[in-house]
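Asks: Dropping in input31.csv, which is CSV, C-alpha atoms:
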chain,number,residue,atom,x,y,z
A,66,MET,CA,81.8,180.0,102.8
A,67,THR,CA,80.0,178.3,100.0
A,68,ILE,CA,77.1,178.5,97.6
A,69,ALA,CA,73.6,177.3,98.6
A,70,ALA,CA,72.2,174.0,97.9
A,71,GLU,CA,70.1,175.1,94.9
A,72,ALA,CA,73.3,175.2,92.9
A,73,ASP,CA,73.5,171.5,93.5
A,74,GLU,CA,70.3,170.5,91.8
A,75,PRO,CA,71.3,167.7,89.4
A,76,ALA,CA,71.5,168.6,85.8
A,77,LYS,CA,69.5,166.5,83.3
A,78,GLY,CA,71.3,163.1,83.0
A,79,GLU,CA,73.2,163.4,86.2
A,80,PRO,CA,72.6,161.2,89.3
A,81,ALA,CA,70.7,162.9,92.1
A,82,ALA,CA,72.6,161.2,94.9
A,83,GLY,CA,75.7,159.3,95.8
A,84,SER,CA,79.3,160.5,95.3
A,85,ALA,CA,79.8,164.2,94.8
A,86,GLN,CA,79.9,165.3,91.2
A,87,PRO,CA,82.6,167.6,89.7
A,88,ARG,CA,80.1,170.4,89.5
A,89,GLN,CA,79.5,170.2,93.3
A,90,PHE,CA,83.3,170.4,93.9
A,91,ILE,CA,83.5,173.5,91.6
A,92,VAL,CA,80.7,175.2,93.5
A,93,THR,CA,82.6,174.5,96.8
A,94,VAL,CA,85.8,175.9,95.4
A,95,TYR,CA,84.1,179.0,94.1
A,96,GLY,CA,82.4,179.6,97.4
A,97,LEU,CA,85.6,179.2,99.4
A,98,TYR,CA,88.2,180.9,97.2
A,99,SER,CA,86.7,183.2,94.4
A,100,ARG,CA,85.7,186.2,96.4
A,101,THR,CA,89.2,187.4,97.1
A,102,GLU,CA,89.3,187.7,93.3
A,103,GLY,CA,86.0,189.5,92.9
A,104,GLY,CA,84.2,186.2,92.4
A,105,TRP,CA,86.4,185.2,89.5
A,106,LEU,CA,88.7,182.2,88.9
A,107,SER,CA,90.6,181.3,85.8
A,108,VAL,CA,89.9,178.1,84.0
A,109,ALA,CA,93.5,177.0,84.5
A,110,THR,CA,93.2,177.5,88.3
A,111,LEU,CA,90.0,175.5,88.5
A,112,ILE,CA,91.5,172.7,86.4
A,113,GLY,CA,94.6,172.6,88.6
A,114,LEU,CA,92.7,172.6,91.9
A,115,LEU,CA,90.2,170.0,90.8
A,116,ALA,CA,93.0,167.8,89.6
A,117,GLU,CA,94.0,167.5,93.2
A,118,LEU,CA,90.6,165.9,93.8
A,119,GLY,CA,91.1,163.5,91.0
A,120,ILE,CA,88.8,165.3,88.5
A,121,GLU,CA,90.0,165.5,84.9
A,122,ALA,CA,90.0,168.7,82.8
A,123,PRO,CA,87.1,167.7,80.4
A,124,ALA,CA,84.8,167.0,83.4
A,125,VAL,CA,85.7,170.4,84.8
A,126,ARG,CA,85.0,172.2,81.6
A,127,SER,CA,81.7,170.4,81.1
A,128,SER,CA,80.6,171.2,84.7
A,129,ILE,CA,81.5,174.9,84.3
A,130,SER,CA,79.4,175.1,81.2
A,131,ARG,CA,76.4,173.7,83.1
A,132,LEU,CA,76.8,176.3,85.9
A,133,LYS,CA,77.0,179.0,83.2
A,134,ARG,CA,73.8,177.8,81.6
A,135,ARG,CA,72.1,177.9,85.0
A,136,GLY,CA,73.1,181.6,85.3
A,137,LEU,CA,75.4,181.2,88.2
A,138,LEU,CA,78.7,181.9,86.3
A,139,ARG,CA,79.5,184.2,83.5
A,140,ALA,CA,82.6,184.0,81.2
A,141,GLU,CA,85.1,186.8,81.7
A,142,ARG,CA,88.8,187.2,80.6
A,143,ARG,CA,91.3,188.9,82.9
A,144,ASN,CA,94.8,189.8,81.9
A,145,GLY,CA,94.5,187.6,78.9
A,146,SER,CA,93.3,184.5,81.0
A,147,ALA,CA,90.0,182.8,80.3
A,148,GLY,CA,87.9,182.4,83.4
A,149,TYR,CA,84.5,182.6,85.0
A,150,ALA,CA,83.0,185.0,87.5
A,151,LEU,CA,80.0,184.6,89.8
A,152,SER,CA,76.9,186.2,88.4
A,153,ASP,CA,74.8,188.5,90.6
A,154,GLU,CA,72.5,185.6,91.1
A,155,GLY,CA,75.4,183.4,92.0
A,156,LEU,CA,76.7,185.9,94.5
A,157,SER,CA,73.2,186.2,96.1
A,158,VAL,CA,72.9,182.5,96.4
A,159,LEU,CA,76.4,182.3,97.9
A,160,ARG,CA,75.6,184.9,100.6
A,161,GLU,CA,72.5,183.0,101.6
A,162,GLY,CA,74.6,179.8,101.7
A,163,ASP,CA,77.1,181.4,104.0
A,164,ARG,CA,74.4,182.2,106.6
A,165,ARG,CA,73.0,178.7,106.4
A,166,ILE,CA,75.9,176.3,106.1
A,167,PHE,CA,78.0,177.9,108.8
A,168,ARG,CA,75.2,178.5,111.3
A,169,ARG,CA,76.1,176.8,114.6
A,170,ASP,CA,73.0,177.5,116.6
A,171,ARG,CA,69.8,175.4,116.5
A,172,ALA,CA,66.4,176.8,116.8
A,173,THR,CA,64.4,176.4,120.0
A,174,PRO,CA,60.7,175.7,120.5
A,175,ALA,CA,60.3,179.2,121.9
A,176,ASP,CA,61.5,180.8,118.6
A,177,GLY,CA,58.3,179.8,116.9
A,178,TRP,CA,57.8,178.6,113.3
A,179,LEU,CA,57.5,180.0,109.8
A,180,LEU,CA,54.5,178.9,107.7
A,181,ALA,CA,54.6,179.2,103.9
A,182,VAL,CA,51.0,179.0,102.6
A,183,PHE,CA,50.7,179.0,98.9
A,184,SER,CA,48.2,178.4,96.1
A,185,VAL,CA,49.3,178.1,92.4
A,186,PRO,CA,46.7,177.7,89.6
A,187,GLU,CA,46.7,174.4,87.7
A,188,SER,CA,47.5,176.3,84.6
A,189,GLU,CA,50.9,177.2,86.2
A,190,ARG,CA,51.8,173.8,87.5
A,191,SER,CA,55.5,174.3,86.7
A,192,LYS,CA,55.5,177.2,89.2
A,193,ARG,CA,53.8,174.9,91.7
A,194,HIS,CA,56.6,172.4,91.3
A,195,LEU,CA,59.2,175.1,91.6
A,196,MET,CA,57.6,176.4,94.8
A,197,ARG,CA,57.5,173.0,96.4
A,198,SER,CA,61.1,172.1,95.4
A,199,ARG,CA,62.6,175.4,96.5
A,200,LEU,CA,60.8,175.3,99.9
A,201,THR,CA,61.9,171.7,100.4
A,202,ARG,CA,65.5,172.7,99.4
A,203,LEU,CA,65.4,175.4,102.0
A,204,GLY,CA,64.6,172.8,104.7
A,205,PHE,CA,60.8,173.2,105.0
A,206,GLY,CA,58.7,170.3,106.2
A,207,THR,CA,55.3,169.5,104.8
A,208,ALA,CA,52.5,170.2,107.2
A,209,SER,CA,49.8,169.7,104.6
A,210,ALA,CA,49.2,170.3,100.9
A,211,GLY,CA,50.1,174.0,100.3
A,212,VAL,CA,51.3,174.5,103.9
A,213,TYR,CA,55.0,174.2,104.5
A,214,ILE,CA,56.7,174.7,107.9
A,215,ALA,CA,60.2,175.7,109.0
A,216,PRO,CA,62.0,177.3,112.0
A,217,ALA,CA,61.2,181.0,112.1
A,218,HIS,CA,64.8,182.0,111.5
A,219,LEU,CA,64.4,181.0,107.8
A,220,TYR,CA,62.1,184.0,107.1
A,221,ASP,CA,64.7,186.2,105.4
A,222,ALA,CA,66.1,183.4,103.2
A,223,THR,CA,62.6,182.3,102.2
A,224,ALA,CA,61.3,185.8,101.4
A,225,GLU,CA,64.5,186.5,99.3
A,226,MET,CA,64.1,183.2,97.4
A,227,LEU,CA,60.4,183.9,96.7
A,228,ARG,CA,61.1,187.4,95.4
A,229,ARG,CA,64.1,186.3,93.3
A,230,LEU,CA,62.1,183.5,91.6
A,231,GLU,CA,59.0,185.7,91.2
A,232,LEU,CA,56.9,183.3,93.4
A,233,ASP,CA,56.0,185.9,96.0
A,234,GLY,CA,52.7,186.5,94.4
A,235,TYR,CA,51.6,183.0,95.1
A,236,ALA,CA,52.5,182.7,98.8
A,237,ASP,CA,52.0,184.2,102.2
A,238,LEU,CA,54.4,183.8,105.1
A,239,PHE,CA,53.3,183.6,108.7
A,240,ARG,CA,55.1,183.4,112.1
A,241,ALA,CA,53.3,180.8,114.2
A,242,ASP,CA,53.3,178.9,117.5
A,243,HIS,CA,52.2,175.3,117.9
A,244,LEU,CA,49.3,175.4,120.4
A,245,ALA,CA,47.5,172.1,119.9
A,246,PHE,CA,47.1,169.1,119.3
A,247,GLY,CA,49.6,166.3,120.1
A,248,PRO,CA,53.2,166.2,121.1
A,249,LEU,CA,55.3,168.5,119.0
A,250,ASP,CA,58.2,166.1,118.6
A,251,GLU,CA,55.8,163.6,117.0
A,252,LYS,CA,54.6,166.3,114.6
A,253,VAL,CA,58.2,167.1,113.7
A,254,ARG,CA,58.7,163.5,112.7
A,255,GLU,CA,55.6,163.7,110.5
A,256,TRP,CA,56.7,166.9,108.8
A,257,TRP,CA,60.4,166.0,108.2
A,258,ASP,CA,61.9,162.6,107.2
A,259,LEU,CA,64.1,162.2,110.2
A,260,ASP,CA,65.0,158.6,109.3
A,261,GLN,CA,66.5,159.7,106.1
A,262,LEU,CA,68.3,162.6,107.8
A,263,GLU,CA,69.7,160.2,110.3
A,264,LEU,CA,71.1,158.0,107.5
A,265,LEU,CA,72.7,161.0,105.7
A,266,TYR,CA,74.2,162.4,108.9
A,267,GLY,CA,75.5,159.0,109.8
A,268,GLU,CA,77.1,158.6,106.4
A,269,PHE,CA,78.9,162.0,106.9
A,270,VAL,CA,80.3,160.9,110.2
A,271,ARG,CA,81.4,157.5,109.0
A,272,LYS,CA,83.1,159.1,105.9
A,273,HIS,CA,85.0,161.9,107.7
A,274,ALA,CA,85.5,160.7,111.3
A,275,GLY,CA,89.0,159.5,110.5
A,276,VAL,CA,90.2,162.8,109.1
A,277,PRO,CA,91.3,164.3,112.4
A,278,ASP,CA,93.5,161.2,113.0
A,279,ARG,CA,95.4,162.0,109.8
A,280,LEU,CA,96.1,165.6,110.7
A,281,PRO,CA,99.5,166.8,112.1
A,282,ALA,CA,99.5,167.5,115.8
A,283,GLY,CA,99.1,171.1,116.6
A,284,GLY,CA,96.0,171.9,118.5
A,285,GLU,CA,92.6,173.0,117.3
A,286,GLY,CA,93.7,175.2,114.4
A,287,HIS,CA,96.5,175.6,111.9
A,288,ASP,CA,98.0,179.0,111.0
A,289,GLY,CA,98.4,178.3,107.3
A,290,THR,CA,102.2,177.9,107.6
A,291,GLY,CA,102.4,174.2,107.3
A,292,SER,CA,104.3,172.2,104.8
A,293,GLY,CA,103.3,172.2,101.2
A,294,ALA,CA,102.2,168.6,101.4
A,295,ALA,CA,100.2,169.3,104.6
A,296,GLU,CA,98.5,172.3,103.0
A,297,ARG,CA,97.7,170.3,99.9
A,298,ASP,CA,96.1,167.5,102.0
A,299,ALA,CA,94.2,170.1,104.0
A,300,PHE,CA,92.8,171.5,100.8
A,301,VAL,CA,91.7,168.1,99.5
A,302,ASP,CA,90.1,167.1,102.8
A,303,TYR,CA,88.4,170.5,103.4
A,304,VAL,CA,86.8,170.6,99.9
A,305,ARG,CA,85.6,167.1,100.3
A,306,VAL,CA,84.2,167.6,103.8
A,307,LEU,CA,82.5,170.9,102.9
A,308,THR,CA,81.0,169.5,99.7
A,309,ASP,CA,79.5,166.6,101.7
A,310,TRP,CA,78.3,168.9,104.5
A,311,ARG,CA,76.8,171.9,102.8
A,312,GLN,CA,73.7,170.1,101.6
A,313,LEU,CA,72.8,168.8,105.1
A,314,PRO,CA,71.8,172.1,106.8
A,315,TYR,CA,69.2,172.5,104.0
A,316,LEU,CA,67.6,169.2,104.8
A,317,ASP,CA,67.8,169.8,108.6
A,318,PRO,CA,67.1,173.6,109.0
A,319,GLY,CA,68.4,173.7,112.5
A,320,LEU,CA,65.5,171.9,114.1
A,321,PRO,CA,65.3,172.3,117.9
A,322,ALA,CA,67.3,169.6,119.7
A,323,GLU,CA,64.5,169.2,122.2
A,324,LEU,CA,62.3,167.9,119.5
A,325,LEU,CA,64.8,165.4,118.0
A,326,PRO,CA,65.6,161.8,119.1
A,327,ASP,CA,68.0,161.3,121.9
A,328,ASP,CA,71.7,161.3,120.9
A,329,TRP,CA,70.7,162.8,117.5
A,330,VAL,CA,73.5,162.0,115.1
A,331,GLY,CA,73.1,165.4,113.4
A,332,ILE,CA,74.5,167.1,116.5
A,333,ARG,CA,77.6,164.8,116.4
A,334,ALA,CA,77.9,165.4,112.7
A,335,ALA,CA,77.9,169.2,113.2
A,336,GLU,CA,80.5,169.0,115.9
A,337,LEU,CA,82.7,167.0,113.5
A,338,PHE,CA,82.2,169.4,110.7
A,339,PHE,CA,83.1,172.5,112.8
A,340,THR,CA,86.1,170.7,114.3
A,341,LEU,CA,87.4,169.9,110.8
A,342,GLN,CA,86.7,173.4,109.6
A,343,SER,CA,88.9,174.8,112.4
A,344,ARG,CA,91.7,172.3,111.7
A,345,LEU,CA,91.7,172.5,107.9
A,346,GLU,CA,90.6,176.0,106.7
A,347,ASN,CA,93.8,178.0,107.1
A,348,ASP,CA,96.1,175.4,105.6
A,349,ALA,CA,93.7,174.8,102.7
A,350,ARG,CA,93.5,178.6,102.0
A,351,ALA,CA,97.3,178.8,102.2
A,352,TYR,CA,97.6,176.0,99.6
A,353,VAL,CA,95.3,177.8,97.2
A,354,ALA,CA,97.1,181.1,97.7
A,355,SER,CA,100.5,179.5,97.0
A,356,ARG,CA,99.5,178.2,93.6
A,357,PRO,CA,100.6,180.3,90.5
What is this file in structure tokens?
Replies:
Amino acid sequence: MTIAAEADEPAKGEPAAGSAQPRQFIVTVYGLYSRTEGGWLSVATLIGLLAELGIEAPAVRSSISRLKRRGLLRAERRNGSAGYALSDEGLSVLREGDRRIFRRDRATPADGWLLAVFSVPESERSKRHLMRSRLTRLGFGTASAGVYIAPAHLYDATAEMLRRLELDGYADLFRADHLAFGPLDEKVREWWDLDQLELLYGEFVRKHAGVPDRLPAGGEGHDGTGSGAAERDAFVDYVRVLTDWRQLPYLDPGLPAELLPDDWVGIRAAELFFTLQSRLENDARAYVASRP
């Protein structure tokens, strides 16, 4: 489980791409491990866990402050310990992220499409930018100016986002079928940047394809009773894998396989991610649970 991609929007002065930032690892850790504690983690726990990923305490504290300013975390002391809990907005974003990031099924052409048609006055151009950026971050492609398109299964997530950001007064949502004109697979390539997606999926596969070879023998899943070293390694690998993966389902919103290029690397990337999830998740959680 994890927080949705909007929590990953770069803060001012941070790079927008490249290696994962401390803030992104914190978001992953909160999404995976905070809910058993009511959405709360102590600062000491966060610093200790992030140290395993090579992130120093000052960077952790700075990144927590950024997430607090964005309204995703709120300061809270428990039993004398300083910590941060997920805000209501953070929990909402997290729940939407769960549905998206761990979705295995792809859409089919028969499912139809969701159209978001919007018009924002020039006097409110900041809201226009927000509309475009949020729809893009949800995985919408651009059919034309003011008309964005996505697989139909994104309706609930889109409607919730528009209401939460008070943008619902500027948009209409429609379910649609493509009737004409031209091959739909060619249209999909126009609406989404498949070349960029292919590069990102390929990078994920290259970066993490060797992880299974480092894991102890033991079948498809571990039971969380491995050695301390194995559980620590599972935690580090799983947080890194999930942090790199969780942005990809927002760029590719489960586009139908029939409309994608042959041997689409995104399918191989998804198979790798879910294999690693099954191999790493239990031992990683056991490691977190064993820490004081």
Asks: Ranking A:Leu118, A:Leu262, A:Val276, A:Ile214 by minimum distance to Phe338 of chain A and counting all atoms listed in the file, which one comes first?
Replies: A:Val276
Asks: Find the residues around Ala349 of chain A up to 9 Å (all atoms listed in the file counted), leave out those fewer than 2 positions away in its own chain, and share them as a ChimeraX atom specification.
Replies: /A:289,295-304,345-347,351-354
Asks: With all atoms listed in the file as the basis for distance, which of A:Gly331, A:Gly206, A:Gly247, A:Pro123 is at the shortest distance from Glu263 of chain A?
Replies: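 Using all atoms listed in the file, Glu263 of chain A sits closest to A:Gly331.
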Asks: Could you tell me how far atom CA of Glu251 of chain A sits from atom CA of Ile166 of chain A, in Å to one decimal place?
Replies: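 Computed distance, atom CA of Ile166 of chain A to atom CA of Glu251 of chain A, equals 26.2 Å.
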Asks: Could you name the residues that touch Ile332 of chain A at 12 Å or less, counting all atoms listed in the file, but leaving out those on the same chain fewer than 6 positions away, as a PyMOL selection string?
Replies: chain A and resi 169-171+262-263+266-267+269-270+313-314+317+319-323+325-326+338-339
Asks: Identify the residues around (67.7, 182.2, 102.2) within a radius of 12 Å, measuring from only C-alpha atoms in the coordinates stated by the file, and give them as a count of residues only.
Replies: 36
Asks: Contacts of Ala236 of chain A at 10 Å or less, counting all atoms listed in the file, minus same-chain residues fewer than 2 places along, as a PyMOL selection string?
Replies: chain A and resi 180-185+196+211-212+224+227+232-234+238-239
Asks: Mind giving me the straight-line distance from atom CA of Gly177 of chain A to atom CA of Gln261 of chain A in Å, one decimal?
Replies: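 Between atom CA of Gly177 of chain A and atom CA of Gln261 of chain A the gap works out to 24.2 Å.
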Asks: Any idea what the distance is between atom CA of Trp105 of chain A and atom CA of Tyr149 of chain A?
Replies: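 That distance, rounded to one decimal, is 5.5 Å.
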Asks: Can you work out which one of A:Arg126, A:His273, A:Arg142, A:Arg190 has the shortest atom-to-atom distance to Arg88 of chain A, counting only C-alpha atoms?
Replies: A:Arg126
Asks: With all atoms listed in the file as the counted atoms, please give the residues lying no more than 8 Å from Ala150 of chain A, apart from itself and same-chain residues fewer than 5 positions off, as a ChimeraX atom specification.
Replies: /A:103-106,138-141
Asks: Could those residues be written to a file, using C-alpha atoms, as a compact mmCIF listing (two decimals), in the frame of the given file?
Replies:
# COMPACT_ATOMS: atom_id res chain seq x y z
CA GLY A 103 86.00 189.50 92.90
CA GLY A 104 84.20 186.20 92.40
CA TRP A 105 86.40 185.20 89.50
CA LEU A 106 88.70 182.20 88.90
CA LEU A 138 78.70 181.90 86.30
CA ARG A 139 79.50 184.20 83.50
CA ALA A 140 82.60 184.00 81.20
CA GLU A 141 85.10 186.80 81.70
Asks: Find, counting only C-alpha atoms, the residue in A:Leu280, A:Arg333, A:Leu324, A:Gln312 that gets nearest to Lys252 of chain A.
Replies: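 Of A:Leu280, A:Arg333, A:Leu324, A:Gln312, the one nearest Lys252 of chain A, counting only C-alpha atoms, is A:Leu324.
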Asks: May I have the residues at most 7 Å from (91.8, 168.0, 113.4) in the file's coordinates, counting all atoms listed in the file, as number ranges by chain?
Replies: A: 276-277, 280, 285, 340-341, 344
Asks: Working from the structure I just supplied, which lacks atoms in segment 105-116 of chain A, can you model all heavy atoms there and output them as a PDB file, in the frame of the given file?
Replies:
ATOM      1  N   TRP A 105      85.907 185.747  90.749  1.00  0.00           N
ATOM      2  CA  TRP A 105      86.400 185.200  89.500  1.00  0.00           C
ATOM      3  C   TRP A 105      87.527 184.191  89.769  1.00  0.00           C
ATOM      4  O   TRP A 105      88.330 184.333  90.701  1.00  0.00           O
ATOM      5  CB  TRP A 105      87.019 186.348  88.668  1.00  0.00           C
ATOM      6  CG  TRP A 105      87.572 185.971  87.322  1.00  0.00           C
ATOM      7  CD1 TRP A 105      86.878 185.881  86.148  1.00  0.00           C
ATOM      8  CD2 TRP A 105      88.933 185.662  86.987  1.00  0.00           C
ATOM      9  NE1 TRP A 105      87.718 185.532  85.112  1.00  0.00           N
ATOM     10  CE2 TRP A 105      88.995 185.395  85.598  1.00  0.00           C
ATOM     11  CE3 TRP A 105      90.121 185.584  87.736  1.00  0.00           C
ATOM     12  CZ2 TRP A 105      90.177 185.062  84.941  1.00  0.00           C
ATOM     13  CZ3 TRP A 105      91.305 185.241  87.089  1.00  0.00           C
ATOM     14  CH2 TRP A 105      91.323 184.987  85.713  1.00  0.00           C
ATOM     15  N   LEU A 106      87.562 183.133  88.949  1.00  0.00           N
ATOM     16  CA  LEU A 106      88.700 182.200  88.900  1.00  0.00           C
ATOM     17  C   LEU A 106      88.981 181.836  87.496  1.00  0.00           C
ATOM     18  O   LEU A 106      88.077 181.722  86.662  1.00  0.00           O
ATOM     19  CB  LEU A 106      88.311 180.893  89.703  1.00  0.00           C
ATOM     20  CG  LEU A 106      88.184 180.992  91.224  1.00  0.00           C
ATOM     21  CD1 LEU A 106      87.643 179.681  91.782  1.00  0.00           C
ATOM     22  CD2 LEU A 106      89.533 181.330  91.868  1.00  0.00           C
ATOM     23  N   SER A 107      90.256 181.670  87.204  1.00  0.00           N
ATOM     24  CA  SER A 107      90.600 181.300  85.800  1.00  0.00           C
ATOM     25  C   SER A 107      90.326 179.811  85.627  1.00  0.00           C
ATOM     26  O   SER A 107      90.294 179.005  86.573  1.00  0.00           O
ATOM     27  CB  SER A 107      92.116 181.546  85.607  1.00  0.00           C
ATOM     28  OG  SER A 107      92.914 180.605  86.315  1.00  0.00           O
ATOM     29  N   VAL A 108      90.110 179.458  84.371  1.00  0.00           N
ATOM     30  CA  VAL A 108      89.900 178.100  84.000  1.00  0.00           C
ATOM     31  C   VAL A 108      91.095 177.227  84.413  1.00  0.00           C
ATOM     32  O   VAL A 108      90.966 176.111  84.932  1.00  0.00           O
ATOM     33  CB  VAL A 108      89.555 177.913  82.536  1.00  0.00           C
ATOM     34  CG1 VAL A 108      89.446 176.438  82.146  1.00  0.00           C
ATOM     35  CG2 VAL A 108      88.264 178.645  82.192  1.00  0.00           C
ATOM     36  N   ALA A 109      92.282 177.758  84.182  1.00  0.00           N
ATOM     37  CA  ALA A 109      93.500 177.000  84.500  1.00  0.00           C
ATOM     38  C   ALA A 109      93.591 176.734  86.007  1.00  0.00           C
ATOM     39  O   ALA A 109      93.984 175.633  86.426  1.00  0.00           O
ATOM     40  CB  ALA A 109      94.723 177.802  84.048  1.00  0.00           C
ATOM     41  N   THR A 110      93.217 177.729  86.829  1.00  0.00           N
ATOM     42  CA  THR A 110      93.200 177.500  88.300  1.00  0.00           C
ATOM     43  C   THR A 110      92.252 176.443  88.685  1.00  0.00           C
ATOM     44  O   THR A 110      92.566 175.554  89.493  1.00  0.00           O
ATOM     45  CB  THR A 110      92.909 178.841  89.003  1.00  0.00           C
ATOM     46  OG1 THR A 110      93.962 179.784  88.750  1.00  0.00           O
ATOM     47  CG2 THR A 110      92.790 178.622  90.507  1.00  0.00           C
ATOM     48  N   LEU A 111      91.048 176.516  88.140  1.00  0.00           N
ATOM     49  CA  LEU A 111      90.000 175.500  88.500  1.00  0.00           C
ATOM     50  C   LEU A 111      90.499 174.116  88.078  1.00  0.00           C
ATOM     51  O   LEU A 111      90.371 173.156  88.857  1.00  0.00           O
ATOM     52  CB  LEU A 111      88.721 175.841  87.773  1.00  0.00           C
ATOM     53  CG  LEU A 111      87.847 176.894  88.439  1.00  0.00           C
ATOM     54  CD1 LEU A 111      86.696 177.267  87.521  1.00  0.00           C
ATOM     55  CD2 LEU A 111      87.303 176.381  89.766  1.00  0.00           C
ATOM     56  N   ILE A 112      91.043 173.983  86.885  1.00  0.00           N
ATOM     57  CA  ILE A 112      91.500 172.700  86.400  1.00  0.00           C
ATOM     58  C   ILE A 112      92.605 172.144  87.335  1.00  0.00           C
ATOM     59  O   ILE A 112      92.616 170.963  87.713  1.00  0.00           O
ATOM     60  CB  ILE A 112      91.955 172.745  84.961  1.00  0.00           C
ATOM     61  CG1 ILE A 112      90.733 172.925  84.047  1.00  0.00           C
ATOM     62  CG2 ILE A 112      92.747 171.505  84.563  1.00  0.00           C
ATOM     63  CD1 ILE A 112      91.074 173.153  82.587  1.00  0.00           C
ATOM     64  N   GLY A 113      93.526 173.031  87.729  1.00  0.00           N
ATOM     65  CA  GLY A 113      94.600 172.600  88.600  1.00  0.00           C
ATOM     66  C   GLY A 113      94.121 172.187  89.984  1.00  0.00           C
ATOM     67  O   GLY A 113      94.558 171.170  90.520  1.00  0.00           O
ATOM     68  N   LEU A 114      93.205 172.962  90.554  1.00  0.00           N
ATOM     69  CA  LEU A 114      92.700 172.600  91.900  1.00  0.00           C
ATOM     70  C   LEU A 114      91.859 171.352  91.855  1.00  0.00           C
ATOM     71  O   LEU A 114      91.966 170.493  92.742  1.00  0.00           O
ATOM     72  CB  LEU A 114      91.862 173.788  92.430  1.00  0.00           C
ATOM     73  CG  LEU A 114      92.631 175.052  92.792  1.00  0.00           C
ATOM     74  CD1 LEU A 114      91.664 176.164  93.194  1.00  0.00           C
ATOM     75  CD2 LEU A 114      93.623 174.795  93.929  1.00  0.00           C
ATOM     76  N   LEU A 115      91.015 171.222  90.840  1.00  0.00           N
ATOM     77  CA  LEU A 115      90.200 170.000  90.800  1.00  0.00           C
ATOM     78  C   LEU A 115      90.976 168.783  90.453  1.00  0.00           C
ATOM     79  O   LEU A 115      90.562 167.674  90.810  1.00  0.00           O
ATOM     80  CB  LEU A 115      89.054 170.244  89.747  1.00  0.00           C
ATOM     81  CG  LEU A 115      87.755 170.900  90.255  1.00  0.00           C
ATOM     82  CD1 LEU A 115      87.023 169.981  91.208  1.00  0.00           C
ATOM     83  CD2 LEU A 115      88.009 172.245  90.905  1.00  0.00           C
ATOM     84  N   ALA A 116      92.134 168.941  89.814  1.00  0.00           N
ATOM     85  CA  ALA A 116      93.000 167.800  89.600  1.00  0.00           C
ATOM     86  C   ALA A 116      93.462 167.168  90.886  1.00  0.00           C
ATOM     87  O   ALA A 116      93.649 165.945  90.977  1.00  0.00           O
ATOM     88  CB  ALA A 116      94.202 168.206  88.724  1.00  0.00           C
TER      89      ALA A 116
END
